[in-house]
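Novice: Shown below is the structure under consideration.
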Amino acid sequence: MTHWPLPLPMHRALAAAKAAAGLGEVPIGAVIVKHGQVIAEAHNAPRTDHDPTAHAEILAIRRAAQALGDERLTECELWVTLEPCAMCAGAIVHARIARLYYAASDPKGGAVEHGARVFEQPQCLHRPEVYAGIGEAQAAELLRAFFRERR
(Lines give C-alpha, C1' and ligand atoms only; values in the text may rest on other atoms or scores of the structure.)
Protein backbone atom coordinates (compact mmCIF):
# COMPACT_ATOMS: atom_id res chain seq x y z
CA MET A 1 0.00 0.00 0.00
CA THR A 2 1.40 3.39 -1.01
CA HIS A 3 1.27 6.17 1.58
CA TRP A 4 1.28 9.61 0.03
CA PRO A 5 2.55 12.49 2.10
CA LEU A 6 -0.31 14.44 3.62
CA PRO A 7 -0.72 18.08 2.65
CA LEU A 8 0.46 20.49 5.36
CA PRO A 9 -3.06 21.73 6.21
CA MET A 10 -4.18 18.17 7.02
CA HIS A 11 -1.04 17.62 9.13
CA ARG A 12 -1.98 20.72 11.10
CA ALA A 13 -5.62 19.63 11.41
CA LEU A 14 -4.46 16.26 12.77
CA ALA A 15 -2.15 18.02 15.25
CA ALA A 16 -5.10 20.13 16.41
CA ALA A 17 -7.18 16.97 16.78
CA LYS A 18 -4.47 15.44 18.98
CA ALA A 19 -4.49 18.60 21.12
CA ALA A 20 -8.26 18.26 21.52
CA ALA A 21 -7.88 14.65 22.69
CA GLY A 22 -5.34 15.80 25.27
CA LEU A 23 -8.02 18.08 26.71
CA GLY A 24 -10.63 15.32 26.78
CA GLU A 25 -12.40 16.67 23.69
CA VAL A 26 -13.39 14.50 20.74
CA PRO A 27 -10.26 14.66 18.53
CA ILE A 28 -11.31 16.78 15.59
CA GLY A 29 -9.17 19.54 14.13
CA ALA A 30 -9.77 22.09 11.39
CA VAL A 31 -7.58 24.46 9.39
CA ILE A 32 -8.60 27.22 6.98
CA VAL A 33 -6.27 28.15 4.14
CA LYS A 34 -6.42 31.08 1.73
CA HIS A 35 -4.05 31.26 -1.25
CA GLY A 36 -1.81 28.60 0.31
CA GLN A 37 -1.51 30.35 3.69
CA VAL A 38 -3.04 29.05 6.92
CA ILE A 39 -5.24 31.81 8.32
CA ALA A 40 -7.04 29.92 11.10
CA GLU A 41 -7.03 26.64 12.95
CA ALA A 42 -9.01 25.14 15.79
CA HIS A 43 -9.97 21.93 17.52
CA ASN A 44 -13.18 20.74 19.11
CA ALA A 45 -13.93 22.57 22.36
CA PRO A 46 -17.60 22.00 23.38
CA ARG A 47 -16.65 20.61 26.80
CA THR A 48 -13.90 23.14 27.46
CA ASP A 49 -16.01 26.12 26.34
CA HIS A 50 -19.35 24.77 27.66
CA ASP A 51 -20.66 25.47 24.17
CA PRO A 52 -22.36 22.81 22.02
CA THR A 53 -21.52 24.85 18.90
CA ALA A 54 -17.76 24.87 19.59
CA HIS A 55 -16.94 22.34 16.87
CA ALA A 56 -13.53 22.64 15.22
CA GLU A 57 -15.04 23.84 11.94
CA ILE A 58 -17.18 26.54 13.57
CA LEU A 59 -14.27 27.86 15.64
CA ALA A 60 -11.95 27.88 12.62
CA ILE A 61 -14.56 29.68 10.50
CA ARG A 62 -15.04 32.31 13.22
CA ARG A 63 -11.29 32.86 13.52
CA ALA A 64 -10.81 33.07 9.75
CA ALA A 65 -13.65 35.58 9.38
CA GLN A 66 -12.10 37.70 12.14
CA ALA A 67 -8.62 37.46 10.60
CA LEU A 68 -9.92 38.49 7.18
CA GLY A 69 -12.44 41.03 8.44
CA ASP A 70 -15.13 39.42 6.30
CA GLU A 71 -17.95 36.96 6.90
CA ARG A 72 -17.44 35.49 3.42
CA LEU A 73 -14.55 33.07 3.03
CA THR A 74 -15.03 32.71 -0.73
CA GLU A 75 -11.42 31.91 -1.68
CA CYS A 76 -10.75 29.67 1.31
CA GLU A 77 -10.31 25.96 1.85
CA LEU A 78 -11.39 24.12 4.99
CA TRP A 79 -9.36 21.08 6.00
CA VAL A 80 -10.97 18.97 8.75
CA THR A 81 -10.30 15.55 10.21
CA LEU A 82 -13.92 14.32 10.20
CA GLU A 83 -16.87 14.71 7.85
CA PRO A 84 -18.76 17.82 8.99
CA CYS A 85 -22.09 17.52 10.80
CA ALA A 86 -25.22 19.37 9.61
CA MET A 87 -24.42 22.43 11.76
CA CYS A 88 -20.89 22.71 10.40
CA ALA A 89 -21.98 22.00 6.82
CA GLY A 90 -24.50 24.84 7.17
CA ALA A 91 -21.75 27.16 8.41
CA ILE A 92 -19.56 26.15 5.44
CA VAL A 93 -22.43 27.12 3.13
CA HIS A 94 -23.02 30.49 4.81
CA ALA A 95 -19.29 31.29 4.85
CA ARG A 96 -19.11 30.43 1.12
CA ILE A 97 -16.01 28.29 1.61
CA ALA A 98 -14.69 27.27 -1.82
CA ARG A 99 -13.28 23.81 -1.03
CA LEU A 100 -13.77 21.29 1.77
CA TYR A 101 -11.20 18.58 2.43
CA TYR A 102 -11.99 16.03 5.12
CA ALA A 103 -10.23 12.93 6.34
CA ALA A 104 -12.62 10.37 7.85
CA SER A 105 -16.25 9.80 6.94
CA ASP A 106 -18.85 9.91 9.71
CA PRO A 107 -21.80 7.59 8.94
CA LYS A 108 -23.49 8.47 12.26
CA GLY A 109 -23.17 12.25 12.40
CA GLY A 110 -21.84 13.40 9.05
CA ALA A 111 -23.97 15.52 6.75
CA VAL A 112 -21.90 15.71 3.57
CA GLU A 113 -21.86 12.16 2.19
CA HIS A 114 -24.16 10.81 4.93
CA GLY A 115 -27.32 11.90 6.71
CA ALA A 116 -28.73 15.23 5.58
CA ARG A 117 -26.28 15.61 2.66
CA VAL A 118 -26.55 19.36 3.11
CA PHE A 119 -24.74 20.36 -0.08
CA GLU A 120 -27.09 18.23 -2.21
CA GLN A 121 -30.28 19.94 -0.99
CA PRO A 122 -32.07 22.20 -3.49
CA GLN A 123 -32.21 24.95 -0.81
CA CYS A 124 -28.41 24.96 -0.47
CA LEU A 125 -27.19 28.48 -1.28
CA HIS A 126 -23.59 27.47 -2.02
CA ARG A 127 -21.88 24.18 -2.78
CA PRO A 128 -18.16 23.85 -2.05
CA GLU A 129 -15.95 21.44 -3.94
CA VAL A 130 -15.60 18.39 -1.66
CA TYR A 131 -12.60 16.06 -1.34
CA ALA A 132 -12.86 13.17 1.13
CA GLY A 133 -10.43 10.61 2.50
CA ILE A 134 -7.26 12.72 2.81
CA GLY A 135 -5.60 11.47 6.01
CA GLU A 136 -8.50 9.12 6.67
CA ALA A 137 -6.45 6.36 8.35
CA GLN A 138 -4.75 8.76 10.78
CA ALA A 139 -7.96 10.60 11.69
CA ALA A 140 -9.95 7.38 12.12
CA GLU A 141 -7.26 5.92 14.39
CA LEU A 142 -7.26 9.06 16.57
CA LEU A 143 -11.03 8.74 16.99
CA ARG A 144 -10.91 4.97 17.67
CA ALA A 145 -8.17 5.38 20.29
CA PHE A 146 -10.04 8.25 21.97
CA PHE A 147 -13.29 6.29 22.31
CA ARG A 148 -11.50 3.01 23.18
CA GLU A 149 -9.94 4.76 26.22
CA ARG A 150 -13.37 5.89 27.39
CA ARG A 151 -15.07 2.50 27.25
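Every chain in the C-alpha coordinates has a letter given in the order shown (A, B, ...), and although residue numbers restart at 1 in each chain, ligands are simply numbered from 1 in the order shown.
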Find the residues near A:Val38: any atom within 10 Å, counting only C-alpha atoms, skip ones fewer than 2 places away on the same chain, and give them as a PyMOL selection string.
Specialist: chain A and resi 8-9+12+31-36+40-41+64+76-78
Novice: Where in chain A does DSSP assign helix (DSSP H, G or I), given as a PyMOL selection string?
Specialist: chain A and resi 8-22+46-49+56-68+86-95+118-120+136-150
Novice: Just checking: using only C-alpha atoms, which residue out of A:Asp70, A:Glu57, A:Glu75, A:Glu120 ends up closest to A:Ala13?
Specialist: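 Result for the nearest residue to A:Ala13: A:Glu57.
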Novice: Leaving out A:Ala21 and any residue of its chain fewer than 4 positions from it, which residues lie within 9 Å of it when counting only C-alpha atoms, given as a ChimeraX atom specification?
Specialist: /A:16-17,25-28,44,142-143,146
Novice: Which value, in Å to one decimal, gives the distance between atom CA of A:Ile134 and atom CA of A:Arg150?
Specialist: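 Computed distance, atom CA of A:Ile134 to atom CA of A:Arg150, equals 26.2 Å.
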Novice: Find the residues around A:His55 up to 9 Å (only C-alpha atoms counted), leave out those fewer than 4 positions away in its own chain, and share them as a list of chain:residue names.
Specialist: A:Ile28, A:Gly29, A:Ala42, A:His43, A:Asn44, A:Ala45, A:Pro46, A:Asp51, A:Leu59, A:Ala60, A:Cys88
Novice: Could you tell me which of A:Ala15, A:Ala104, A:Leu125, A:Ile39 comes closest to A:Gly69 if we count only C-alpha atoms?
Specialist: A:Ile39
